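Asks: My structure is in final-v2.txt, and what it holds is compact mmCIF, C-alpha atoms:
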# COMPACT_ATOMS: atom_id res chain seq x y z
CA MET A 1 26.85 -1.10 -10.10
CA ASN A 2 26.04 -3.22 -7.08
CA THR A 3 26.18 -0.13 -4.88
CA GLU A 4 23.78 1.73 -7.17
CA ALA A 5 21.44 -1.30 -7.16
CA ASP A 6 21.50 -1.29 -3.35
CA ILE A 7 20.70 2.44 -3.29
CA GLN A 8 17.79 2.00 -5.70
CA ARG A 9 16.43 -0.92 -3.66
CA GLU A 10 16.57 1.23 -0.51
CA VAL A 11 14.75 4.05 -2.30
CA ALA A 12 12.09 1.56 -3.43
CA ALA A 13 11.77 0.20 0.11
CA GLU A 14 11.30 3.75 1.44
CA ARG A 15 8.58 4.34 -1.16
CA ALA A 16 6.85 1.14 -0.03
CA ARG A 17 7.02 2.27 3.62
CA SER A 18 5.53 5.62 2.63
CA VAL A 19 2.61 3.89 0.90
CA GLN A 20 2.00 1.76 4.00
CA THR A 21 2.03 4.84 6.23
CA LYS A 22 -0.56 6.55 4.04
CA ALA A 23 -2.69 3.40 3.96
CA SER A 24 -2.62 3.31 7.77
CA PHE A 25 -3.80 6.93 7.78
CA LEU A 26 -6.69 5.92 5.50
CA VAL A 27 -7.78 3.18 7.89
CA VAL A 28 -7.81 5.54 10.87
CA ILE A 29 -9.69 8.34 9.12
CA ALA A 30 -12.18 5.93 7.53
CA GLY A 31 -12.79 4.37 10.94
CA LEU A 32 -13.48 7.76 12.46
CA LEU A 33 -15.83 8.63 9.62
CA ALA A 34 -17.63 5.30 9.92
CA GLY A 35 -18.07 5.86 13.64
CA ALA A 36 -19.37 9.35 13.06
CA SER A 37 -21.89 8.11 10.50
CA PHE A 38 -23.49 5.99 13.23
CA ASP A 39 -24.04 9.10 15.31
CA THR A 40 -27.00 10.35 13.31
CA PRO A 41 -30.47 11.27 14.50
CA HIS A 42 -32.70 8.34 13.57
CA GLY A 43 -35.84 10.37 14.07
CA SER A 44 -35.33 12.35 10.88
CA GLY A 45 -36.85 11.15 7.64
CA CYS A 46 -33.56 10.52 5.86
CA TRP A 47 -31.51 8.77 8.54
CA TRP A 48 -30.92 5.86 6.15
CA LEU A 49 -28.76 8.14 3.98
CA SER A 50 -25.97 7.72 6.54
CA ALA A 51 -25.40 4.26 5.06
CA ILE A 52 -23.86 5.88 1.97
CA PRO A 53 -20.82 7.45 3.66
CA LEU A 54 -20.56 4.34 5.84
CA ALA A 55 -20.35 2.12 2.76
CA LEU A 56 -17.78 4.42 1.17
CA ALA A 57 -15.74 4.43 4.40
CA LEU A 58 -15.79 0.64 4.45
CA GLY A 59 -14.64 0.64 0.81
CA THR A 60 -11.80 2.92 1.88
CA VAL A 61 -10.80 0.43 4.56
CA VAL A 62 -10.81 -2.42 2.03
CA ALA A 63 -8.57 -0.43 -0.35
CA ALA A 64 -6.22 0.42 2.51
CA VAL A 65 -6.03 -3.21 3.59
CA VAL A 66 -5.06 -4.17 0.03
CA ALA A 67 -2.29 -1.56 0.20
CA LEU A 68 -1.17 -2.86 3.60
CA TRP A 69 -1.28 -6.56 2.77
CA PRO A 70 2.05 -8.23 3.64
CA ALA A 71 4.32 -9.22 0.79
CA PRO A 72 7.58 -11.15 0.51
CA ALA A 73 10.68 -9.19 1.41
CA GLY A 74 12.05 -9.33 -2.11
CA ALA A 75 15.61 -9.92 -0.99
CA ALA A 76 18.13 -12.43 -2.24
CA ASP A 77 18.02 -15.72 -0.38
CA PRO A 78 21.48 -16.25 1.17
CA ALA A 79 20.99 -20.03 1.35
CA ALA A 80 20.26 -20.20 -2.38
CA ILE A 81 23.28 -18.06 -3.21
CA ARG A 82 25.48 -20.23 -1.00
CA SER A 83 24.24 -23.47 -2.55
CA ILE A 84 24.80 -22.13 -6.06
CA TRP A 85 28.20 -20.54 -5.49
CA ILE A 86 29.87 -22.55 -2.69
CA ASP A 87 31.43 -25.13 -5.01
CA ASN A 88 31.37 -23.02 -8.14
CA THR A 89 34.63 -22.65 -9.99
CA GLN A 90 33.70 -19.33 -11.54
CA GLY A 91 35.44 -16.22 -10.32
CA SER A 92 34.33 -13.30 -8.23
CA TYR A 93 33.34 -11.29 -11.32
CA GLU A 94 30.69 -13.87 -12.23
CA LEU A 95 29.45 -13.83 -8.64
CA GLU A 96 29.13 -10.04 -8.77
CA ILE A 97 27.19 -10.27 -12.04
CA TYR A 98 24.90 -12.92 -10.52
CA LEU A 99 24.29 -10.80 -7.42
CA LEU A 100 23.53 -7.78 -9.59
CA LYS A 101 20.95 -9.81 -11.53
CA VAL A 102 19.36 -11.03 -8.30
CA LYS A 103 19.19 -7.47 -6.95
CA THR A 104 17.65 -6.07 -10.13
CA VAL A 105 15.00 -8.80 -10.18
CA ALA A 106 14.20 -8.11 -6.51
CA TYR A 107 14.01 -4.39 -7.27
CA SER A 108 11.63 -4.96 -10.20
CA GLU A 109 9.38 -7.19 -8.11
CA MET A 110 9.36 -4.64 -5.26
CA GLN A 111 8.44 -1.83 -7.66
CA ALA A 112 5.62 -3.90 -9.20
CA ARG A 113 4.19 -4.67 -5.73
CA THR A 114 4.47 -1.03 -4.70
CA ASN A 115 2.77 0.13 -7.90
CA LYS A 116 -0.19 -2.17 -7.16
CA ARG A 117 -0.31 -0.79 -3.62
CA VAL A 118 -0.23 2.77 -4.94
CA THR A 119 -3.23 1.98 -7.15
CA ALA A 120 -5.14 0.64 -4.14
CA LEU A 121 -4.09 3.70 -2.15
CA LYS A 122 -5.37 6.07 -4.85
CA ILE A 123 -8.69 4.23 -4.90
CA GLY A 124 -8.80 4.49 -1.11
CA PHE A 125 -8.25 8.25 -1.18
CA ILE A 126 -10.94 8.66 -3.85
CA LEU A 127 -13.38 6.63 -1.74
CA LEU A 128 -12.42 8.59 1.37
CA SER A 129 -13.05 11.89 -0.43
CA ALA A 130 -16.42 10.61 -1.61
CA ALA A 131 -17.24 9.37 1.91
CA ILE A 132 -16.41 12.74 3.48
CA SER A 133 -18.38 14.62 0.81
CA THR A 134 -21.44 12.42 1.15
CA ALA A 135 -21.22 12.56 4.95
CA LEU A 136 -21.34 16.34 4.72
CA VAL A 137 -24.32 16.23 2.34
CA VAL A 138 -26.12 13.71 4.58
CA PHE A 139 -25.43 15.87 7.63
CA ILE A 140 -26.92 18.90 5.90
CA LEU A 141 -29.94 16.96 4.64
CA GLN A 142 -30.61 15.50 8.08
CA ARG A 143 -30.48 18.92 9.72
CA TRP A 144 -33.00 20.30 7.19
CA ALA A 145 -35.34 17.32 7.39
Go ahead and render the structure in this file as structure tokens.
Replies:
Amino acid sequence: MNTEADIQREVAAERARSVQTKASFLVVIAGLLAGASFDTPHGSGCWWLSAIPLALALGTVVAAVVALWPAPAGAADPAAIRSIWIDNTQGSYELEIYLLKVKTVAYSEMQARTNKRVTALKIGFILLSAAISTALVVFILQRWA
């Protein structure tokens, strides 16, 4: 069971890394979009509309930062395990059960953190989609104005 718990924790850690990679992508694309929204002709009558995709791009960055925010490692503390079990008279079976409980708690905490990050990531992608769509609309409106 300990081996399976280790495998599941590694799968959860890989999922967390995947979320962070996608959040980094959001930051880069939102930054490019924000920079492009500054490159608008200010002589047209609706130049102020470029603030809409800019605001949505900044919202995307905020959501991505939430998804990227550092969190505790979620691993068992070796010093705590040593202090609990160094002079313990219980056998190795009890130690294995204790380690399994520690690993399952760490796994649950990691999954909860990753689920919150996934929510922020989804919001970021929604904001990015809205920012790209409004940037396209603003571009078209500015060319017609």
Asks: Distance CA of Ala55 (chain A)-CA of Trp144 (chain A), one decimal place?
Replies: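 Between CA of Ala55 (chain A) and CA of Trp144 (chain A) the gap works out to 22.6 Å.
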Asks: Taking only C-alpha atoms into account, which of A:Thr21, A:Phe139, A:Thr89, A:Tyr107 comes nearest Ala51 (chain A)?
Replies: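 Nearest candidate to Ala51 (chain A) out of A:Thr21, A:Phe139, A:Thr89, A:Tyr107: A:Phe139.
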Asks: For each of A:Ser24, A:Gln8, A:Ser108, A:Ser92, take the minimum atom-to-atom distance to Val65 (chain A), counting all atoms listed in the file, then give the residue where this is smallest.
Replies: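 Nearest candidate to Val65 (chain A) out of A:Ser24, A:Gln8, A:Ser108, A:Ser92: A:Ser24.
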Asks: Might you pull out every residue within 10 Å of Ala16 (chain A), with all atoms listed in the file counted and same-chain residues fewer than 4 positions away left off, and present them as an MDAnalysis selection string?
Replies: chainID A and resid 10:12 20:21 67:68 110:111 113:115 117:118
Asks: Provide the CA of Glu109 (chain A) to CA of Ile123 (chain A) distance in Å, to one decimal place.
Replies: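 Taking CA of Glu109 (chain A) and CA of Ile123 (chain A), their separation equals 21.6 Å.
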Asks: Every residue with an atom at most 8 Å from (-22.6, 6.2, 10.6) (file coordinates; only C-alpha atoms) is what I'm after, so could you write them as a PDB file with C-alpha atoms, in the frame of the given file?
Replies:
ATOM      1  CA  LEU A  33     -15.830   8.630   9.620  1.00  0.00           C
ATOM      2  CA  ALA A  34     -17.630   5.300   9.920  1.00  0.00           C
ATOM      3  CA  GLY A  35     -18.070   5.860  13.640  1.00  0.00           C
ATOM      4  CA  ALA A  36     -19.370   9.350  13.060  1.00  0.00           C
ATOM      5  CA  SER A  37     -21.890   8.110  10.500  1.00  0.00           C
ATOM      6  CA  PHE A  38     -23.490   5.990  13.230  1.00  0.00           C
ATOM      7  CA  ASP A  39     -24.040   9.100  15.310  1.00  0.00           C
ATOM      8  CA  THR A  40     -27.000  10.350  13.310  1.00  0.00           C
ATOM      9  CA  SER A  50     -25.970   7.720   6.540  1.00  0.00           C
ATOM     10  CA  ALA A  51     -25.400   4.260   5.060  1.00  0.00           C
ATOM     11  CA  PRO A  53     -20.820   7.450   3.660  1.00  0.00           C
ATOM     12  CA  LEU A  54     -20.560   4.340   5.840  1.00  0.00           C
TER      13      LEU A  54
END
Asks: Take the structure in the block and write a file for chain A, C-alpha atoms, as an mmCIF file, in the first residue's frame.
Replies:
data_model
loop_
_atom_site.group_PDB
_atom_site.id
_atom_site.type_symbol
_atom_site.label_atom_id
_atom_site.label_comp_id
_atom_site.auth_asym_id
_atom_site.auth_seq_id
_atom_site.Cartn_x
_atom_site.Cartn_y
_atom_site.Cartn_z
ATOM 1 C CA MET A 1 0.000 0.000 0.000
ATOM 2 C CA ASN A 2 2.879 2.357 0.668
ATOM 3 C CA THR A 3 4.116 1.829 -2.884
ATOM 4 C CA GLU A 4 0.687 2.640 -4.304
ATOM 5 C CA ALA A 5 0.516 5.763 -2.101
ATOM 6 C CA ASP A 6 3.911 6.847 -3.448
ATOM 7 C CA ILE A 7 2.733 6.294 -7.031
ATOM 8 C CA GLN A 8 -0.443 8.314 -6.449
ATOM 9 C CA ARG A 9 1.550 11.141 -4.845
ATOM 10 C CA GLU A 10 3.863 11.222 -7.873
ATOM 11 C CA VAL A 11 0.867 11.339 -10.214
ATOM 12 C CA ALA A 12 -0.567 14.218 -8.165
ATOM 13 C CA ALA A 13 2.778 16.032 -8.267
ATOM 14 C CA GLU A 14 2.896 15.634 -12.063
ATOM 15 C CA ARG A 15 -0.622 17.068 -12.300
ATOM 16 C CA ALA A 16 0.475 20.047 -10.200
ATOM 17 C CA ARG A 17 3.499 20.608 -12.480
ATOM 18 C CA SER A 18 1.210 20.484 -15.506
ATOM 19 C CA VAL A 19 -1.046 23.154 -13.993
ATOM 20 C CA GLN A 20 1.977 25.360 -13.311
ATOM 21 C CA THR A 21 3.212 24.945 -16.887
ATOM 22 C CA LYS A 22 -0.172 25.999 -18.252
ATOM 23 C CA ALA A 23 -0.302 28.954 -15.864
ATOM 24 C CA SER A 24 3.118 30.073 -17.114
ATOM 25 C CA PHE A 25 1.770 29.883 -20.669
ATOM 26 C CA LEU A 26 -1.138 32.115 -19.613
ATOM 27 C CA VAL A 27 1.223 34.742 -18.224
ATOM 28 C CA VAL A 28 3.265 34.854 -21.429
ATOM 29 C CA ILE A 29 0.278 35.038 -23.782
ATOM 30 C CA ALA A 30 -1.513 37.603 -21.601
ATOM 31 C CA GLY A 31 1.650 39.703 -21.537
ATOM 32 C CA LEU A 32 1.894 39.612 -25.315
ATOM 33 C CA LEU A 33 -1.763 40.551 -25.628
ATOM 34 C CA ALA A 34 -1.389 43.383 -23.132
ATOM 35 C CA GLY A 35 1.596 44.703 -25.059
ATOM 36 C CA ALA A 36 -0.293 44.482 -28.322
ATOM 37 C CA SER A 37 -3.244 46.382 -26.871
ATOM 38 C CA PHE A 38 -0.940 49.359 -26.278
ATOM 39 C CA ASP A 39 -0.084 49.405 -29.969
ATOM 40 C CA THR A 40 -3.328 51.008 -31.072
ATOM 41 C CA PRO A 41 -3.862 54.135 -33.127
ATOM 42 C CA HIS A 42 -4.847 56.849 -30.657
ATOM 43 C CA GLY A 43 -6.147 59.091 -33.393
ATOM 44 C CA SER A 44 -9.258 57.002 -33.939
ATOM 45 C CA GLY A 45 -12.427 57.795 -32.054
ATOM 46 C CA CYS A 46 -12.550 54.551 -30.093
ATOM 47 C CA TRP A 47 -8.935 54.130 -28.986
ATOM 48 C CA TRP A 48 -10.099 53.885 -25.359
ATOM 49 C CA LEU A 49 -11.732 50.528 -26.163
ATOM 50 C CA SER A 50 -8.263 48.963 -26.051
ATOM 51 C CA ALA A 51 -8.497 49.200 -22.261
ATOM 52 C CA ILE A 52 -11.029 46.344 -22.274
ATOM 53 C CA PRO A 53 -8.719 43.610 -23.599
ATOM 54 C CA LEU A 54 -5.916 45.097 -21.495
ATOM 55 C CA ALA A 55 -8.010 44.749 -18.336
ATOM 56 C CA LEU A 56 -8.975 41.194 -19.271
ATOM 57 C CA ALA A 57 -5.317 40.349 -19.954
ATOM 58 C CA LEU A 58 -4.359 41.706 -16.547
ATOM 59 C CA GLY A 59 -7.125 39.596 -14.995
ATOM 60 C CA THR A 60 -5.622 36.607 -16.785
ATOM 61 C CA VAL A 61 -2.240 37.369 -15.249
ATOM 62 C CA VAL A 62 -3.783 37.595 -11.770
ATOM 63 C CA ALA A 63 -5.498 34.216 -12.208
ATOM 64 C CA ALA A 64 -2.247 32.685 -13.460
ATOM 65 C CA VAL A 65 -0.324 34.092 -10.507
ATOM 66 C CA VAL A 66 -2.852 32.484 -8.151
ATOM 67 C CA ALA A 67 -2.257 29.177 -9.938
ATOM 68 C CA LEU A 68 1.515 29.648 -9.711
ATOM 69 C CA TRP A 69 1.653 30.768 -6.087
ATOM 70 C CA PRO A 70 4.145 28.643 -4.118
ATOM 71 C CA ALA A 71 2.767 26.102 -1.686
ATOM 72 C CA PRO A 72 4.279 23.780 0.908
ATOM 73 C CA ALA A 73 5.814 20.621 -0.472
ATOM 74 C CA GLY A 74 3.270 18.393 1.226
ATOM 75 C CA ALA A 75 5.813 15.771 2.179
ATOM 76 C CA ALA A 76 6.311 14.012 5.474
ATOM 77 C CA ASP A 77 8.732 15.796 7.773
ATOM 78 C CA PRO A 78 11.602 13.370 8.499
ATOM 79 C CA ALA A 79 12.497 15.156 11.745
ATOM 80 C CA ALA A 80 8.951 14.745 13.058
ATOM 81 C CA ILE A 81 8.874 11.072 12.108
ATOM 82 C CA ARG A 82 12.233 10.525 13.793
ATOM 83 C CA SER A 83 11.170 12.272 16.994
ATOM 84 C CA ILE A 84 7.960 10.257 17.159
ATOM 85 C CA TRP A 85 9.413 6.862 16.295
ATOM 86 C CA ILE A 86 13.041 6.906 17.514
ATOM 87 C CA ASP A 87 12.244 5.707 21.031
ATOM 88 C CA ASN A 88 8.926 4.093 20.212
ATOM 89 C CA THR A 89 8.481 0.509 21.285
ATOM 90 C CA GLN A 90 5.922 -0.264 18.610
ATOM 91 C CA GLY A 91 6.921 -2.522 15.764
ATOM 92 C CA SER A 92 7.613 -1.910 12.118
ATOM 93 C CA TYR A 93 3.993 -2.644 11.167
ATOM 94 C CA GLU A 94 2.778 0.329 13.215
ATOM 95 C CA LEU A 95 5.456 2.496 11.623
ATOM 96 C CA GLU A 96 4.281 1.435 8.158
ATOM 97 C CA ILE A 97 0.679 2.264 9.087
ATOM 98 C CA TYR A 98 1.778 5.664 10.416
ATOM 99 C CA LEU A 99 3.762 6.412 7.251
ATOM 100 C CA LEU A 100 0.795 5.398 5.110
ATOM 101 C CA LYS A 101 -1.446 7.809 7.044
ATOM 102 C CA VAL A 102 1.090 10.617 6.637
ATOM 103 C CA LYS A 103 1.343 9.950 2.897
ATOM 104 C CA THR A 104 -2.427 9.885 2.407
ATOM 105 C CA VAL A 105 -2.845 13.164 4.280
ATOM 106 C CA ALA A 106 -0.077 14.740 2.175
ATOM 107 C CA TYR A 107 -1.746 13.399 -0.971
ATOM 108 C CA SER A 108 -5.138 14.832 0.034
ATOM 109 C CA GLU A 109 -3.621 18.232 0.792
ATOM 110 C CA MET A 110 -1.738 18.233 -2.525
ATOM 111 C CA GLN A 111 -4.915 17.359 -4.432
ATOM 112 C CA ALA A 112 -6.878 20.117 -2.656
ATOM 113 C CA ARG A 113 -4.187 22.697 -3.528
ATOM 114 C CA THR A 114 -4.056 21.511 -7.120
ATOM 115 C CA ASN A 115 -7.850 21.662 -7.432
ATOM 116 C CA LYS A 116 -7.787 25.303 -6.292
ATOM 117 C CA ARG A 117 -5.047 26.005 -8.829
ATOM 118 C CA VAL A 118 -7.060 24.309 -11.567
ATOM 119 C CA THR A 119 -10.004 26.585 -10.753
ATOM 120 C CA ALA A 120 -7.764 29.656 -11.043
ATOM 121 C CA LEU A 121 -6.338 28.261 -14.287
ATOM 122 C CA LYS A 122 -9.821 27.775 -15.763
ATOM 123 C CA ILE A 123 -10.724 31.352 -14.845
ATOM 124 C CA GLY A 124 -7.477 32.495 -16.453
ATOM 125 C CA PHE A 125 -8.246 30.697 -19.709
ATOM 126 C CA ILE A 126 -11.767 32.145 -19.754
ATOM 127 C CA LEU A 127 -10.359 35.647 -19.222
ATOM 128 C CA LEU A 128 -7.715 35.056 -21.887
ATOM 129 C CA SER A 129 -10.370 33.936 -24.373
ATOM 130 C CA ALA A 130 -12.426 37.019 -23.579
ATOM 131 C CA ALA A 131 -9.334 39.236 -23.892
ATOM 132 C CA ILE A 132 -8.448 37.812 -27.311
ATOM 133 C CA SER A 133 -12.042 38.114 -28.516
ATOM 134 C CA THR A 134 -12.408 41.694 -27.346
ATOM 135 C CA ALA A 135 -8.997 42.594 -28.778
ATOM 136 C CA LEU A 136 -10.175 41.330 -32.146
ATOM 137 C CA VAL A 137 -13.427 43.309 -31.885
ATOM 138 C CA VAL A 138 -11.540 46.443 -30.813
ATOM 139 C CA PHE A 139 -9.098 46.007 -33.691
ATOM 140 C CA ILE A 140 -11.962 45.768 -36.168
ATOM 141 C CA LEU A 141 -13.785 48.747 -34.657
ATOM 142 C CA GLN A 142 -10.649 50.878 -34.706
ATOM 143 C CA ARG A 143 -9.990 50.080 -38.359
ATOM 144 C CA TRP A 144 -13.567 51.088 -39.292
ATOM 145 C CA ALA A 145 -13.572 54.259 -37.208
#
